[in-house]
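Printed here is coords35.cif (mmCIF, C-alpha atoms):
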data_target
loop_
_atom_site.label_atom_id
_atom_site.label_comp_id
_atom_site.auth_asym_id
_atom_site.auth_seq_id
_atom_site.Cartn_x
_atom_site.Cartn_y
_atom_site.Cartn_z
CA MET R 1 -4.51 88.07 -90.24
CA THR R 2 -3.09 88.74 -86.95
CA PHE R 3 -6.44 88.35 -85.27
CA LYS R 4 -7.21 85.11 -87.01
CA ASN R 5 -3.86 83.65 -86.23
CA ARG R 6 -4.30 84.46 -82.49
CA GLY R 7 -7.68 82.89 -82.46
CA VAL R 8 -6.44 79.77 -84.15
CA ALA R 9 -3.50 79.60 -81.75
CA GLU R 10 -5.71 79.94 -78.61
CA ARG R 11 -8.14 77.12 -79.49
CA PRO R 12 -5.70 74.29 -78.82
CA SER R 13 -4.89 75.77 -75.37
CA ARG R 14 -8.54 75.88 -74.30
CA SER R 15 -9.05 72.33 -75.51
CA VAL R 16 -6.14 71.07 -73.43
CA VAL R 17 -7.36 72.75 -70.24
CA SER R 18 -10.80 71.41 -70.75
CA GLN R 19 -9.58 67.85 -71.11
CA LYS R 20 -7.48 68.05 -67.94
CA TRP R 21 -10.36 69.35 -65.91
CA SER R 22 -12.59 66.65 -67.35
CA LEU R 23 -10.12 64.01 -66.34
CA PHE R 24 -9.89 65.38 -62.80
CA LEU R 25 -13.66 65.60 -62.57
CA CYS R 26 -14.06 62.02 -63.78
CA LEU R 27 -11.54 60.69 -61.31
CA GLY R 28 -13.08 62.69 -58.47
CA SER R 29 -16.56 61.51 -59.37
CA PHE R 30 -15.39 57.89 -59.54
CA CYS R 31 -13.73 58.07 -56.12
CA ALA R 32 -16.70 59.81 -54.60
CA GLY R 33 -18.97 57.20 -56.10
CA MET R 34 -16.87 54.37 -54.74
CA ILE R 35 -16.82 55.87 -51.29
CA PHE R 36 -20.53 56.55 -51.33
CA THR R 37 -21.38 53.15 -52.79
CA ASN R 38 -19.17 51.25 -50.28
CA ARG R 39 -20.64 53.13 -47.32
CA MET R 40 -24.16 52.54 -48.51
CA TRP R 41 -23.41 48.84 -48.97
CA ILE R 42 -22.13 48.56 -45.40
CA ILE R 43 -25.12 50.48 -44.07
CA SER R 44 -27.61 48.39 -46.01
CA GLU R 45 -25.93 45.16 -44.87
CA THR R 46 -25.94 46.26 -41.26
CA LYS R 47 -29.56 47.33 -41.36
CA GLY R 48 -30.67 44.23 -43.18
CA GLY R 49 -28.81 41.87 -40.84
CA ILE R 50 -26.77 40.47 -43.76
CA THR R 51 -23.29 39.15 -43.01
CA ARG R 52 -20.65 40.54 -45.29
CA THR R 53 -18.30 38.22 -47.10
CA THR R 54 -15.35 39.68 -45.21
CA THR R 55 -17.15 39.21 -41.89
CA VAL R 56 -17.98 35.60 -42.74
CA GLU R 57 -14.40 34.90 -43.63
CA ALA R 58 -13.23 36.53 -40.40
CA GLU R 59 -15.60 34.33 -38.41
CA ARG R 60 -14.42 31.26 -40.26
CA LEU R 61 -10.84 32.13 -39.55
CA LYS R 62 -11.70 32.62 -35.89
CA LEU R 63 -13.45 29.24 -35.69
CA VAL R 64 -10.62 27.51 -37.49
CA SER R 65 -8.09 29.08 -35.15
CA GLU R 66 -10.17 28.10 -32.15
CA GLY R 67 -10.55 24.59 -33.53
CA CYS R 68 -6.82 24.32 -33.97
CA ILE R 69 -6.23 25.54 -30.46
CA THR R 70 -8.83 23.10 -29.14
CA LYS R 71 -7.29 20.20 -31.03
CA PHE R 72 -3.89 21.20 -29.78
CA LEU R 73 -5.10 21.34 -26.21
CA GLN R 74 -6.92 18.03 -26.63
CA GLN R 75 -3.78 16.42 -27.93
CA LYS R 76 -1.87 17.78 -24.97
CA ASP R 77 -4.57 16.48 -22.61
CA ILE R 78 -4.45 13.06 -24.27
CA GLU R 79 -0.68 12.98 -23.90
CA LEU R 80 -0.93 13.94 -20.24
CA VAL R 81 -3.72 11.42 -19.60
CA SER R 82 -1.74 8.72 -21.39
CA LYS R 83 1.28 9.45 -19.25
CA ASP R 84 -0.93 9.46 -16.15
CA ILE R 85 -2.56 6.15 -17.10
CA PHE R 86 0.83 4.61 -17.77
CA GLY R 87 1.98 5.71 -14.35
CA LYS R 88 -1.12 4.35 -12.71
CA VAL R 89 -0.87 1.01 -14.52
CA SER R 90 2.63 0.59 -13.15
CA ASN R 91 1.16 0.99 -9.65
CA THR R 92 -1.80 -1.34 -10.28
CA PRO R 93 -1.02 -3.93 -7.56
CA HIS R 94 -0.75 -1.23 -4.92
CA ALA R 95 -3.92 0.45 -6.20
CA ILE R 96 -5.88 -2.82 -6.08
CA GLN R 97 -4.68 -3.53 -2.56
CA THR R 98 -5.65 -0.04 -1.46
CA LEU R 99 -9.05 -0.41 -3.11
CA ASP R 100 -9.64 -3.73 -1.36
CA LYS R 101 -8.85 -2.13 2.00
CA THR R 102 -11.14 0.80 1.25
CA ILE R 103 -14.01 -1.50 0.27
CA SER R 104 -13.49 -3.60 3.38
CA ASN R 105 -13.53 -0.52 5.59
CA LEU R 106 -16.72 0.75 3.98
CA GLU R 107 -18.42 -2.63 4.33
CA MET R 108 -17.36 -2.80 7.96
CA GLU R 109 -18.75 0.66 8.68
CA LEU R 110 -22.01 -0.28 6.93
CA ALA R 111 -22.31 -3.46 8.97
CA GLU R 112 -21.71 -1.53 12.19
CA ALA R 113 -24.36 1.02 11.26
CA LYS R 114 -26.86 -1.75 10.49
CA LEU R 115 -26.13 -3.48 13.79
CA THR R 116 -26.59 -0.28 15.76
CA GLN R 117 -29.80 0.62 13.90
CA GLU R 118 -31.30 -2.81 14.50
CA SER R 119 -30.47 -2.63 18.19
CA ILE R 120 -32.19 0.73 18.47
CA LEU R 121 -35.27 -0.30 16.47
CA SER R 122 -35.71 -3.57 18.35
CA GLY R 123 -35.36 -1.85 21.70
CA VAL R 124 -32.44 -4.08 22.70
CA PRO R 125 -29.84 -2.04 24.62
CA ILE R 126 -26.47 -1.80 22.97
CA SER R 127 -23.95 -3.78 25.00
CA GLU R 128 -21.01 -2.14 26.70
CA GLU R 129 -18.70 -3.89 24.27
CA ILE R 130 -20.45 -2.24 21.31
CA GLU R 131 -20.25 1.14 23.01
CA LYS R 132 -16.50 0.70 23.38
CA SER R 133 -16.06 -0.33 19.76
CA GLU R 134 -15.42 3.20 18.49
CA SER R 135 -12.39 3.67 20.70
CA GLN R 136 -11.17 0.13 20.08
CA ARG R 137 -11.49 0.56 16.33
CA LYS R 138 -8.78 3.21 16.37
CA ARG R 139 -6.34 0.44 17.25
CA LYS R 140 -5.42 -2.08 14.55
CA TYR R 141 -5.23 -5.66 15.80
CA PHE R 142 -3.65 -8.72 14.24
CA MET R 143 -6.17 -11.40 15.18
CA VAL R 144 -9.19 -12.07 17.35
CA VAL R 145 -9.46 -15.58 18.82
CA GLY R 146 -12.98 -16.49 19.90
CA ILE R 147 -13.21 -19.62 22.07
CA ASN R 148 -16.65 -21.15 21.69
CA THR R 149 -17.97 -22.21 25.09
CA ALA R 150 -21.20 -23.12 26.90
CA PHE R 151 -22.74 -22.47 30.31
CA SER R 152 -21.80 -25.96 31.50
CA SER R 153 -18.15 -25.68 30.46
CA ARG R 154 -16.68 -23.82 33.44
CA LYS R 155 -14.05 -26.52 34.04
CA ARG R 156 -13.03 -26.49 30.38
CA ARG R 157 -12.54 -22.74 30.50
CA ASP R 158 -10.41 -23.00 33.62
CA SER R 159 -8.27 -25.70 31.98
CA VAL R 160 -7.70 -23.41 28.98
CA ARG R 161 -6.81 -20.53 31.28
CA THR R 162 -4.15 -22.62 33.03
CA THR R 163 -2.57 -23.81 29.75
CA TRP R 164 -2.48 -21.93 26.45
CA MET R 165 -4.52 -18.77 27.20
CA PRO R 166 -2.49 -16.00 28.91
CA GLN R 167 -4.13 -14.45 31.95
CA GLY R 168 -4.28 -11.07 33.65
CA GLU R 169 -1.47 -8.68 32.80
CA LYS R 170 0.04 -11.10 30.25
CA ARG R 171 -3.20 -11.14 28.27
CA ARG R 172 -3.38 -7.36 28.29
CA LYS R 173 0.28 -7.21 27.21
CA LEU R 174 -0.56 -9.62 24.39
CA GLU R 175 -3.25 -7.25 23.17
CA VAL R 176 -1.04 -4.16 23.35
CA GLU R 177 2.25 -5.55 22.05
CA LYS R 178 1.10 -8.27 19.65
CA GLY R 179 -2.41 -7.11 18.73
CA ILE R 180 -3.94 -10.46 19.72
CA ILE R 181 -7.38 -10.59 21.35
CA ILE R 182 -8.53 -13.81 23.09
CA ARG R 183 -12.06 -14.16 24.49
CA PHE R 184 -14.47 -16.89 25.51
CA VAL R 185 -17.58 -16.48 23.38
CA ILE R 186 -21.03 -17.08 24.83
CA GLY R 187 -24.56 -15.74 24.44
CA HIS R 188 -27.30 -15.75 27.06
CA SER R 189 -29.84 -18.24 28.33
CA ALA R 190 -33.48 -18.47 27.28
CA THR R 191 -34.28 -16.79 30.59
CA LEU R 192 -32.40 -13.55 30.26
CA GLY R 193 -30.76 -12.59 33.54
CA GLY R 194 -31.32 -16.02 35.04
CA ILE R 195 -28.93 -18.05 37.18
CA LEU R 196 -26.83 -19.15 34.18
CA ASP R 197 -26.31 -15.61 33.00
CA ARG R 198 -25.46 -14.41 36.50
CA ALA R 199 -22.84 -17.16 36.83
CA ILE R 200 -21.15 -16.02 33.61
CA GLU R 201 -21.28 -12.39 34.74
CA ALA R 202 -19.54 -13.31 38.00
CA GLU R 203 -16.90 -15.31 36.11
CA ASP R 204 -16.35 -12.45 33.68
CA LYS R 205 -15.99 -10.01 36.56
CA LYS R 206 -13.21 -12.18 37.93
CA HIS R 207 -11.30 -12.85 34.69
CA GLY R 208 -12.56 -10.23 32.23
CA ASP R 209 -12.13 -12.62 29.28
CA PHE R 210 -15.65 -13.01 27.85
CA LEU R 211 -17.33 -11.76 24.71
CA ARG R 212 -21.08 -11.80 25.30
CA LEU R 213 -23.30 -12.20 22.25
CA ASP R 214 -26.89 -11.23 21.59
CA HIS R 215 -27.72 -14.89 21.06
CA ILE R 216 -29.68 -17.62 22.85
CA GLU R 217 -27.42 -20.57 23.62
CA GLY R 218 -28.27 -24.04 22.33
CA TYR R 219 -26.43 -26.88 20.59
CA LEU R 220 -28.66 -26.69 17.52
CA GLU R 221 -27.98 -22.95 17.32
CA LEU R 222 -24.24 -23.16 16.67
CA SER R 223 -24.59 -21.83 13.11
CA ALA R 224 -26.45 -18.78 14.36
CA LYS R 225 -23.89 -18.32 17.14
CA THR R 226 -21.00 -18.50 14.70
CA LYS R 227 -22.60 -15.90 12.47
CA THR R 228 -23.29 -13.60 15.42
CA TYR R 229 -19.75 -14.05 16.71
CA PHE R 230 -18.08 -12.92 13.49
CA ALA R 231 -20.52 -10.05 13.06
CA THR R 232 -19.93 -8.86 16.63
CA ALA R 233 -16.16 -9.32 16.63
CA VAL R 234 -15.60 -7.46 13.37
CA ASN R 235 -17.56 -4.52 14.74
CA LEU R 236 -15.65 -4.48 18.02
CA TRP R 237 -12.08 -4.99 16.85
CA ASP R 238 -10.46 -3.94 13.58
CA ALA R 239 -8.31 -7.02 13.06
CA GLU R 240 -6.73 -8.80 10.10
CA TYR R 241 -8.04 -12.24 11.09
CA TYR R 242 -10.88 -13.70 13.12
CA ILE R 243 -10.58 -17.23 14.54
CA LYS R 244 -13.14 -19.57 16.02
CA VAL R 245 -11.93 -22.46 18.20
CA ASP R 246 -13.69 -24.87 20.55
CA ASP R 247 -12.91 -24.87 24.27
CA ASP R 248 -11.67 -28.50 24.20
CA VAL R 249 -8.88 -27.86 21.67
CA HIS R 250 -5.25 -27.04 22.47
CA VAL R 251 -3.83 -24.07 20.56
CA ASN R 252 -0.32 -22.69 20.18
CA ILE R 253 -1.08 -18.98 19.79
CA GLY R 254 2.40 -17.98 18.58
CA THR R 255 2.41 -20.65 15.86
CA LEU R 256 -1.11 -19.68 14.86
CA GLY R 257 0.02 -16.06 14.46
CA GLU R 258 3.03 -17.02 12.34
CA THR R 259 0.83 -19.22 10.14
CA LEU R 260 -1.66 -16.44 9.48
CA ALA R 261 1.09 -13.86 8.94
CA ARG R 262 2.21 -15.78 5.83
CA HIS R 263 -1.13 -15.02 4.18
CA ARG R 264 -1.72 -11.47 5.33
CA LYS R 265 -1.23 -9.94 1.86
CA LYS R 266 -3.86 -12.21 0.32
CA PRO R 267 -7.52 -11.16 0.23
CA ARG R 268 -10.48 -13.31 1.35
CA ILE R 269 -8.63 -16.04 3.26
CA TYR R 270 -10.44 -19.08 4.68
CA ILE R 271 -7.97 -21.37 6.44
CA GLY R 272 -8.40 -24.64 8.29
CA CYS R 273 -8.31 -28.39 7.83
CA MET R 274 -10.48 -28.84 4.76
CA LYS R 275 -12.68 -31.91 4.59
CA SER R 276 -15.57 -33.30 2.57
CA GLY R 277 -17.42 -35.88 4.64
CA PRO R 278 -20.59 -37.84 3.95
CA VAL R 279 -23.97 -36.21 4.36
CA LEU R 280 -25.84 -37.99 7.15
CA SER R 281 -29.49 -38.23 6.17
CA ARG R 282 -30.66 -40.75 8.78
CA LYS R 283 -32.47 -39.19 11.72
CA GLY R 284 -31.20 -39.78 15.22
CA VAL R 285 -27.50 -39.96 14.35
CA ARG R 286 -24.98 -37.33 15.39
CA TYR R 287 -24.48 -34.54 12.84
CA HIS R 288 -27.74 -35.46 11.08
CA GLU R 289 -28.45 -33.02 8.25
CA PRO R 290 -32.19 -32.35 7.78
CA GLU R 291 -31.51 -30.65 4.44
CA TYR R 292 -29.43 -33.54 3.15
CA TRP R 293 -31.21 -33.49 -0.22
CA LYS R 294 -29.41 -30.25 -1.10
CA PHE R 295 -25.96 -31.81 -0.98
CA GLY R 296 -26.05 -35.26 -2.49
CA ASP R 297 -23.84 -37.93 -0.94
CA LYS R 298 -20.95 -35.71 0.20
CA TYR R 299 -20.48 -32.17 1.46
CA PHE R 300 -18.46 -29.60 -0.45
CA ARG R 301 -14.97 -28.84 0.85
CA HIS R 302 -15.03 -26.84 4.07
CA ALA R 303 -12.91 -26.37 7.19
CA THR R 304 -13.53 -28.68 10.11
CA GLY R 305 -15.34 -26.98 12.98
CA GLN R 306 -12.79 -27.41 15.78
CA ILE R 307 -10.77 -24.42 14.57
CA TYR R 308 -10.70 -22.17 11.51
CA ALA R 309 -9.75 -18.62 10.61
CA ILE R 310 -11.10 -16.08 8.15
CA SER R 311 -9.74 -12.72 7.04
CA LYS R 312 -11.36 -9.41 7.85
CA ASP R 313 -13.11 -8.99 4.50
CA LEU R 314 -14.94 -12.32 4.94
CA ALA R 315 -15.95 -11.48 8.51
CA THR R 316 -17.25 -8.15 7.22
CA TYR R 317 -19.19 -9.97 4.49
CA ILE R 318 -20.86 -12.18 7.12
CA SER R 319 -21.73 -9.16 9.23
CA ALA R 320 -23.24 -7.23 6.33
CA ASN R 321 -25.28 -10.19 5.04
CA GLN R 322 -26.07 -12.10 8.23
CA HIS R 323 -29.85 -11.89 7.77
CA VAL R 324 -29.80 -13.65 4.39
CA LEU R 325 -27.14 -16.29 5.09
CA HIS R 326 -28.76 -19.71 5.45
CA LYS R 327 -28.03 -21.76 8.57
CA TYR R 328 -27.52 -25.51 8.30
CA THR R 329 -27.43 -27.81 11.32
CA ASN R 330 -23.64 -28.07 11.37
CA GLU R 331 -21.89 -24.72 11.80
CA ASP R 332 -18.79 -25.69 9.84
CA VAL R 333 -21.00 -26.62 6.87
CA SER R 334 -22.85 -23.33 7.21
CA LEU R 335 -19.62 -21.31 7.15
CA GLY R 336 -18.39 -23.14 4.06
CA ALA R 337 -21.76 -22.64 2.35
CA TRP R 338 -21.64 -18.88 2.97
CA PHE R 339 -18.45 -18.65 0.92
CA ILE R 340 -19.61 -20.68 -2.06
CA GLY R 341 -19.84 -18.41 -5.06
CA LEU R 342 -17.37 -15.93 -3.58
CA ASP R 343 -13.79 -15.49 -4.73
CA VAL R 344 -12.39 -17.06 -1.55
CA GLN R 345 -9.00 -18.71 -1.13
CA HIS R 346 -9.43 -22.02 0.68
CA ILE R 347 -6.18 -22.90 2.46
CA ASP R 348 -5.86 -26.44 3.76
CA ASP R 349 -3.28 -26.48 6.57
CA ARG R 350 -3.06 -29.80 8.39
CA ARG R 351 -1.18 -28.23 11.31
CA LEU R 352 -4.56 -26.94 12.45
CA CYS R 353 -5.78 -30.49 13.11
CA CYS R 354 -2.94 -32.46 14.69
CA GLY R 355 -3.72 -35.37 16.97
CA THR R 356 -2.97 -35.41 20.66
CA PRO R 357 0.30 -37.01 21.88
CA PRO R 358 2.17 -38.78 20.53
CA ASP R 359 1.18 -37.24 17.13
CA CYS R 360 1.69 -33.56 17.98
CA GLU R 361 4.75 -34.43 20.10
CA TRP R 362 6.51 -36.19 17.23
CA LYS R 363 5.80 -33.27 14.92
CA ALA R 364 7.11 -30.79 17.50
CA GLN R 365 10.33 -32.80 17.88
CA ALA R 366 10.71 -32.72 14.09
CA GLY R 367 10.46 -28.92 14.17
CA ASN R 368 6.91 -28.81 12.80
CA ILE R 369 4.98 -27.44 15.76
CA CYS R 370 1.23 -27.87 15.50
CA VAL R 371 -1.19 -24.95 15.57
CA ALA R 372 -3.98 -26.97 17.17
CA SER R 373 -4.31 -30.48 18.62
CA PHE R 374 -7.41 -32.59 19.37
CA ASP R 375 -8.82 -36.10 18.97
CA TRP R 376 -10.92 -36.69 15.89
CA THR R 377 -12.93 -39.37 17.67
CA CYS R 378 -14.17 -36.84 20.23
CA SER R 379 -14.19 -33.78 17.93
CA GLY R 380 -11.93 -32.27 20.58
CA ILE R 381 -9.51 -33.51 23.21
CA CYS R 382 -11.14 -36.53 24.84
CA GLY R 383 -11.53 -35.69 28.53
CA SER R 384 -9.99 -32.28 27.89
CA VAL R 385 -10.38 -31.03 31.46
CA ASP R 386 -7.95 -33.70 32.66
CA ARG R 387 -5.78 -34.16 29.56
CA ILE R 388 -5.20 -30.69 28.15
CA LYS R 389 -2.38 -30.03 30.61
CA GLU R 390 -0.54 -33.09 29.34
CA VAL R 391 -1.09 -32.00 25.74
CA HIS R 392 0.23 -28.55 26.60
CA ARG R 393 3.31 -29.97 28.34
CA ARG R 394 4.22 -32.29 25.48
CA CYS R 395 3.07 -30.26 22.46
CA GLY R 396 3.07 -26.66 23.66
CA GLU R 397 5.32 -24.14 21.92
CA GLY R 398 6.62 -22.62 25.15
CA GLU R 399 5.84 -19.19 26.55
CA ASP R 400 8.85 -17.53 24.94
CA ALA R 401 7.72 -18.62 21.48
CA LEU R 402 4.53 -16.60 21.86
CA TRP R 403 6.39 -13.33 22.48
CA LYS R 404 9.02 -13.99 19.84
CA ALA R 405 6.52 -15.00 17.16
CA ALA R 406 6.17 -12.66 14.20
CA SER R 407 2.74 -11.11 13.83
#
Output the file's structure as structure tokens, nothing else.
Amino acid sequence: MTFKNRGVAERPSRSVVSQKWSLFLCLGSFCAGMIFTNRMWIISETKGGITRTTTVEAERLKLVSEGCITKFLQQKDIELVSKDIFGKVSNTPHAIQTLDKTISNLEMELAEAKLTQESILSGVPISEEIEKSESQRKRKYFMVVGINTAFSSRKRRDSVRTTWMPQGEKRRKLEVEKGIIIRFVIGHSATLGGILDRAIEAEDKKHGDFLRLDHIEGYLELSAKTKTYFATAVNLWDAEYYIKVDDDVHVNIGTLGETLARHRKKPRIYIGCMKSGPVLSRKGVRYHEPEYWKFGDKYFRHATGQIYAISKDLATYISANQHVLHKYTNEDVSLGAWFIGLDVQHIDDRRLCCGTPPDCEWKAQAGNICVASFDWTCSGICGSVDRIKEVHRRCGEGEDALWKAAS
């Protein structure tokens, strides 16, 4: 009995131990299986080039984060750009003015390069004035006054020299202190180096007040001369304004400077006494226009030819496009035609076309000093060699006015 009871008592103990070990074995096998299975899954994915779900999610998270960062940075950039644009818009007038000056400078440099290249290719030696242009360009001038003259006009030039055109040291002082250049403008004769050219060279050696052009003189070539003058002057002197005036017109230089100074902040200025006369189609009459059929009965508005002024950007435009600008018989018509289609400000100032005394004298007494005086009937001062001194005495602004004038 004792034996049986012991055996019966021991059986439950063995059964309990066996179940515990089975449980441990099962758990161990399960863990080992999980570890083995997970490792094999990673290995198989790596070998097969398959992207795991966790890897895909990680990449997506990375892209999303990068996208967020990018959007954030883009938003910051947009805010900065917006602020920058707002700041620039507030400075628009200054920016436009600066851009206009930059464009004008580039056009002027291009025109100078073209002029130099053409001189080299054609074999024509570059004049001494052109060679000096680089040093002169460093100086900014206010205006260049070109007095149109001819070989036969020696007495007219002398009458201008003794009246409204400063001479010698005063002229040099005018250039240095006021930035005003004054020159007689003339080309050369059909016989280069002939007696006419030598006479001008001797006169220039004495006075030093000529601007010689690469141009053959002739009355029917005034349009070509005008074009060459502006192209040459703008390449020699960096000025704000360029003026053309005839040698039989009286000019008050100080008043001219003050008049132009009022418009110096405006771009593309074309100033003079604007007119629109009839087109003369009949041959043999003065100012006959061979291409009359292009105009109709009347010309478009343009400045009369005795005196007019243009700003630097327009002179640069003429220089850069001189080979494609059409020349009409009358030079004032040609100049006006060159500006048609351009955004040019035509300024009609009647003080540039006063009559000779008593007209200009009355206006001077009323405090409205004339810029220029001449007789319409003669397209200049009638008998200017003898009368310009009287005009200067009665209508001149006085020497002090020239040096006190704002420019």
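With all atoms listed in the file as the basis for measurement, R:Thr304 is the residue among R:Thr304, R:Ser384, R:Asn148, R:Thr228 that approaches Arg350 in chain R most closely.
Residue neighbourhood of Asp343 in chain R, excluding near-sequence residues (fewer than 6 positions): Pro267, Arg268 and Ile269 of chain R, at 10 Å, using all atoms listed in the file.
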Residues within 12 Å of range 290-298 of chain R, please, as a PyMOL selection string. Count only C-alpha atoms; anything in the same chain fewer than 4 positions from it doesn't count. chain R and resi 220+275-286+302+326-330+333-334+337
With only C-alpha atoms as the counted atoms, please give the residues lying no more than 10 Å from Phe230 in chain R, apart from itself and same-chain residues fewer than 3 positions off, as number ranges by chain. R: 144, 146, 225-227, 233-236, 242-244, 310, 312, 314-319, 322
Point (1.3, -6.2, 20.9) neighbourhood (12 Å, all atoms listed in the file) written as a list in words: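 Selection result: Arg139, Lys140, Tyr141, Phe142, Met143, Lys170, Arg171, Arg172, Lys173, Leu174, Glu175, Val176, Glu177, Lys178, Gly179, Ile180, Ile181, Gly257, Leu402, Trp403, Lys404, Ala405, Ala406 and Ser407 of chain R.
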